[in-house]
2 protein chains.
Amino acid sequence: MVKQKIAAAPSIRRLPAYLHLVRQAQREGLQYISGTAIAQELNLEPIQVRKDLSITHIMGKPKKGYSVASLIGAIEHFLSWDTTRRAVLIGAGNLGTALLGYQEFQYHGLQVVAAFDVNPEKIGSRIHQVPVFSVETLEQEIPTRGVKTALLTVPSHAAQAITEILIRVGIEGIWNFTKAKLRVPDTMVVQKEDLSSGYALFCVMMQARQLESYSSS
Amino acid sequence: MVKQKIAAAPSIRRLPAYLHLVRQAQREGLQYISGTAIAQELNLEPIQVRKDLSITHIMGKPKKGYSVASLIGAIEHFLSWDTTRRAVLIGAGNLGTALLGYQEFQYHGLQVVAAFDVNPEKIGSRIHQVPVFSVETLEQEIPTRGVKTALLTVPSHAAQAITEILIRVGIEGIWNFTKAKLRVPDTMVVQKEDLSSGYALFCVMMQARQLESYSSS
């Protein structure tokens, strides 16, 4: 797995929220937006906002703030969301289907060109316009499509076996939605997405909230 | 929104991965597991693992490690995943439907008892066994169900209006899957889930990977 530490990871994770907000400002006709206004809207410290945005190399203008158009361009360019990234999706179950229909991806340059599943009823069909192939054809289908990115939404117990095929056919990065900890070569990028993490935090906040209301009543 | 800083947030976010691993160890018949073994499996530093697990107040035994059964119990209890949390889901679109079918939730004590949508074809039906009601009946249906938690999967532009209803009917915590930054009272818990954050990180890692291969070739 690509081991290099992404030092600015928390800043990078916040960039999509900035982008969403600044696009909204653009739709409302704004030409400039200040770091302070962004901070207020997103409940962050202004100094944090300026630090986060500085990784995209954008410069604000004194008193005016950031040019809305430049800021959008800078974030999109930094994330490479201004170019198309072709991807395949493996596992067209509930989550896979939801991801295939996720409109937001078009704003991120992500284009899923093929899906793969084991279910004979799905194979040969299209889900949200994306053609579904048999997982048994991964080795034939992927190399012909010039795809380097895979979204992995198979059951966790099948994740490693599929990963080994993905490695063989030249996939360079896996966005992993399974619970499996994938064993991959050092050169491979893996980003693990785990809903349970957010839910764990939610539960602890709910408990803290209840303790607070008990103690104040 | 509950403003209290959850200082241990990164540790809490890792607890589900520990839980998943230790449950697997239990299925394999292990009675004890060491912090070092956990660290190795999850690609973390042993000291980090011990620090993370200490928030659940579990103690390992010298040379043996953690009792597998106790560790599962301690994590589940810390996250309140050993009790049932009843919830409603608002917005039974692609993502909402995927969440309703997400088997993993049963291991987290999360029980979605009702879903709400605007689509007449869905209202009155069941999705993954969960009954779907009209969003217009939120104020009647929620109070009768003793539910304090809502999963919000509506289009972002509808999120704030729905949130205001949820506040009125006594919802105390929202797991927010929309892009909207919700305006809520200080007492409300909001956990925002944003796929774009993980994807942003993925894209930056992919770029870093490509730069590395250029420079080494």
# chains A, B, ... in the order shown; residues from 1 in each chain; ligands from 1

call {"tool": "select_by_dssp", "arguments": {"residues": "stretch 114-207 of chain A", "states": "alpha helix (DSSP H)", "output": "list in words"}}
result
Leu138, Glu139, Gln140, Glu141, Ala159, Gln160, Ala161, Ile162, Thr163, Glu164, Ile165, Leu166, Ile167, Arg168, Leu195, Ser196, Ser197, Gly198, Tyr199, Ala200, Leu201, Phe202, Cys203, Val204, Met205, Met206 and Gln207 of chain A

call {"tool": "closest_atom_pairs", "arguments": {"of": "chain B", "to": "chain A", "cutoff": "8 Å", "atoms": "only C-alpha atoms", "output": "Markdown table"}}
result
| residue | atom | partner | partner_atom | distance |
| --- | --- | --- | --- | --- |
| B:Val2 | CA | A:Arg209 | CA | 7.0 |
| B:Ile6 | CA | A:Met205 | CA | 7.5 |
| B:Ala9 | CA | A:Leu201 | CA | 6.7 |
| B:Ile12 | CA | A:Leu201 | CA | 6.2 |
| B:Arg13 | CA | A:Ser197 | CA | 4.4 |
| B:Arg14 | CA | A:Ser197 | CA | 6.5 |
| B:Leu15 | CA | A:Ser197 | CA | 7.5 |
| B:Pro16 | CA | A:Ser196 | CA | 6.1 |
| B:Ala17 | CA | A:Lys179 | CA | 7.8 |
| B:His20 | CA | A:Lys179 | CA | 7.8 |
| B:Glu41 | CA | A:Lys181 | CA | 8.0 |
| B:Leu42 | CA | A:Lys181 | CA | 7.1 |
| B:Phe78 | CA | A:Val204 | CA | 7.7 |
| B:Leu79 | CA | A:Val204 | CA | 5.9 |
| B:Ser80 | CA | A:Cys203 | CA | 6.8 |
| B:Asn94 | CA | A:Ala98 | CA | 4.6 |
| B:Leu95 | CA | A:Ala98 | CA | 5.0 |
| B:Thr97 | CA | A:Asn94 | CA | 7.2 |
| B:Ala98 | CA | A:Asn94 | CA | 4.6 |
| B:Leu99 | CA | A:Leu95 | CA | 7.6 |
| B:Gly101 | CA | A:Asn94 | CA | 6.6 |
| B:Tyr102 | CA | A:Asn94 | CA | 7.6 |
| B:Glu172 | CA | A:Met206 | CA | 7.9 |
| B:Gly173 | CA | A:Met206 | CA | 6.8 |
| B:Trp175 | CA | A:Phe202 | CA | 7.2 |
| B:Lys179 | CA | A:His20 | CA | 7.8 |
| B:Lys181 | CA | A:Leu42 | CA | 7.1 |
| B:Thr187 | CA | A:Arg209 | CA | 7.2 |
| B:Val189 | CA | A:Met206 | CA | 6.5 |
| B:Val190 | CA | A:Phe202 | CA | 7.4 |
| B:Gln191 | CA | A:Phe202 | CA | 5.7 |
| B:Lys192 | CA | A:Gly198 | CA | 7.8 |
| B:Glu193 | CA | A:Gly198 | CA | 6.8 |
| B:Leu195 | CA | A:Glu193 | CA | 7.9 |
| B:Ser196 | CA | A:Pro16 | CA | 6.1 |
| B:Ser197 | CA | A:Arg13 | CA | 4.3 |
| B:Gly198 | CA | A:Arg13 | CA | 6.6 |
| B:Tyr199 | CA | A:Trp175 | CA | 7.7 |
| B:Ala200 | CA | A:Leu79 | CA | 6.1 |
| B:Leu201 | CA | A:Ile12 | CA | 6.2 |
| B:Phe202 | CA | A:Gln191 | CA | 5.7 |
| B:Cys203 | CA | A:Leu79 | CA | 6.0 |
| B:Val204 | CA | A:Leu79 | CA | 5.9 |
| B:Met205 | CA | A:Val189 | CA | 6.6 |
| B:Met206 | CA | A:Val189 | CA | 6.5 |
| B:Gln207 | CA | A:Ser80 | CA | 8.0 |
| B:Arg209 | CA | A:Val2 | CA | 7.0 |

call {"tool": "residues_around", "arguments": {"residues": "B:Leu30", "least_positions_apart": "6", "cutoff": "9 Å", "atoms": "only C-alpha atoms", "output": "MDAnalysis selection string"}}
result
chainID B and resid 22 24 67:68

call {"tool": "atom_distance", "arguments": {"atom1": "atom CA of A:Leu89", "atom2": "atom CA of A:Phe116"}}
result
6.3 Å

call {"tool": "closest_residue", "arguments": {"among": "B:Gln31, B:Thr83, B:Asn119, B:Gln129", "to": "B:Gly65", "atoms": "only C-alpha atoms"}}
result
B:Gln31

call {"tool": "residues_around", "arguments": {"residues": "stretch 47-49 of chain B", "least_positions_apart": "4", "cutoff": "10 Å", "atoms": "only C-alpha atoms", "output": "ChimeraX atom specification"}}
result
/B:11,14-15,18,34-40,42,53-54

call {"tool": "residues_around", "arguments": {"residues": "A:Arg86", "least_positions_apart": "2", "cutoff": "8 Å", "atoms": "only C-alpha atoms", "output": "short mmCIF file (atom, residue, chain, number, x, y, z; two decimals) with N, CA and C atoms, in the first residue's frame"}}
result
data_model
loop_
_atom_site.label_atom_id
_atom_site.label_comp_id
_atom_site.auth_asym_id
_atom_site.auth_seq_id
_atom_site.Cartn_x
_atom_site.Cartn_y
_atom_site.Cartn_z
N THR A 84 -11.07 13.44 -15.89
CA THR A 84 -11.93 12.27 -15.68
C THR A 84 -11.11 11.09 -15.17
N VAL A 88 -13.91 1.02 -12.32
CA VAL A 88 -14.87 -0.09 -12.33
C VAL A 88 -15.37 -0.28 -10.89
N LEU A 110 -15.34 11.43 -11.46
CA LEU A 110 -15.32 9.96 -11.36
C LEU A 110 -16.36 9.35 -12.31
N GLN A 111 -15.89 8.50 -13.18
CA GLN A 111 -16.79 7.88 -14.16
C GLN A 111 -16.67 6.36 -14.05
N VAL A 112 -17.70 5.73 -13.54
CA VAL A 112 -17.68 4.27 -13.44
C VAL A 112 -18.13 3.72 -14.79
N VAL A 113 -17.23 2.99 -15.45
CA VAL A 113 -17.50 2.56 -16.83
C VAL A 113 -18.02 1.13 -16.90
N GLY A 146 -8.69 0.53 -19.96
CA GLY A 146 -7.76 1.57 -19.49
C GLY A 146 -8.13 2.15 -18.15
N VAL A 147 -8.54 1.26 -17.26
CA VAL A 147 -9.02 1.70 -15.94
C VAL A 147 -7.97 1.37 -14.90
N LYS A 148 -7.70 2.32 -14.00
CA LYS A 148 -6.70 2.08 -12.95
C LYS A 148 -7.31 2.09 -11.56
N THR A 149 -8.60 2.43 -11.49
CA THR A 149 -9.27 2.60 -10.20
C THR A 149 -10.43 1.63 -10.07
#

call {"tool": "select_by_dssp", "arguments": {"residues": "stretch 78-163 of chain B", "states": "strand (DSSP E)", "output": "MDAnalysis selection string"}}
result
chainID B and resid 85:90 110:117 126:127 130:134 149:152

call {"tool": "residues_around", "arguments": {"residues": "B:Gly91", "least_positions_apart": "5", "cutoff": "12 Å", "atoms": "only C-alpha atoms", "output": "PyMOL selection string"}}
result
chain B and resi 96-100+114-119+122-123+127+132-135+138+150-156+158-159+162+176-178

call {"tool": "write_last_selection", "arguments": {"atoms": "C-alpha atoms", "output": "PDB file, in the first residue's frame"}}
result
ATOM      1  CA  GLY B  96     -31.299   5.241   1.800  1.00  0.00           C
ATOM      2  CA  THR B  97     -32.220   1.883   0.300  1.00  0.00           C
ATOM      3  CA  ALA B  98     -28.626   0.704   0.582  1.00  0.00           C
ATOM      4  CA  LEU B  99     -28.511   1.693   4.245  1.00  0.00           C
ATOM      5  CA  LEU B 100     -31.810  -0.106   4.932  1.00  0.00           C
ATOM      6  CA  ALA B 114     -39.479   3.236   9.722  1.00  0.00           C
ATOM      7  CA  ALA B 115     -38.470   4.974   6.514  1.00  0.00           C
ATOM      8  CA  PHE B 116     -39.992   8.098   4.974  1.00  0.00           C
ATOM      9  CA  ASP B 117     -40.081   9.226   1.361  1.00  0.00           C
ATOM     10  CA  VAL B 118     -41.974  11.476  -1.054  1.00  0.00           C
ATOM     11  CA  ASN B 119     -42.333   8.886  -3.817  1.00  0.00           C
ATOM     12  CA  LYS B 122     -42.576   3.662  -2.286  1.00  0.00           C
ATOM     13  CA  ILE B 123     -45.028   4.898   0.343  1.00  0.00           C
ATOM     14  CA  ILE B 127     -37.827  -1.872   1.676  1.00  0.00           C
ATOM     15  CA  VAL B 132     -42.070   3.282   4.141  1.00  0.00           C
ATOM     16  CA  PHE B 133     -44.304   6.227   5.097  1.00  0.00           C
ATOM     17  CA  SER B 134     -44.935   9.599   3.496  1.00  0.00           C
ATOM     18  CA  VAL B 135     -42.655  12.385   4.722  1.00  0.00           C
ATOM     19  CA  LEU B 138     -43.292  12.551  10.018  1.00  0.00           C
ATOM     20  CA  ALA B 150     -32.678   9.868  12.383  1.00  0.00           C
ATOM     21  CA  LEU B 151     -30.631   8.876   9.344  1.00  0.00           C
ATOM     22  CA  LEU B 152     -30.924  11.697   6.820  1.00  0.00           C
ATOM     23  CA  THR B 153     -30.576  10.639   3.181  1.00  0.00           C
ATOM     24  CA  VAL B 154     -32.757  13.205   1.392  1.00  0.00           C
ATOM     25  CA  PRO B 155     -31.473  15.465  -1.417  1.00  0.00           C
ATOM     26  CA  SER B 156     -29.298  18.184   0.137  1.00  0.00           C
ATOM     27  CA  ALA B 158     -34.448  19.376   1.297  1.00  0.00           C
ATOM     28  CA  ALA B 159     -32.250  18.634   4.313  1.00  0.00           C
ATOM     29  CA  ILE B 162     -36.754  18.067   7.142  1.00  0.00           C
ATOM     30  CA  ASN B 176     -26.407  13.289   8.136  1.00  0.00           C
ATOM     31  CA  PHE B 177     -25.563  11.791   4.734  1.00  0.00           C
ATOM     32  CA  THR B 178     -26.473  14.964   2.810  1.00  0.00           C
TER      33      THR B 178
END
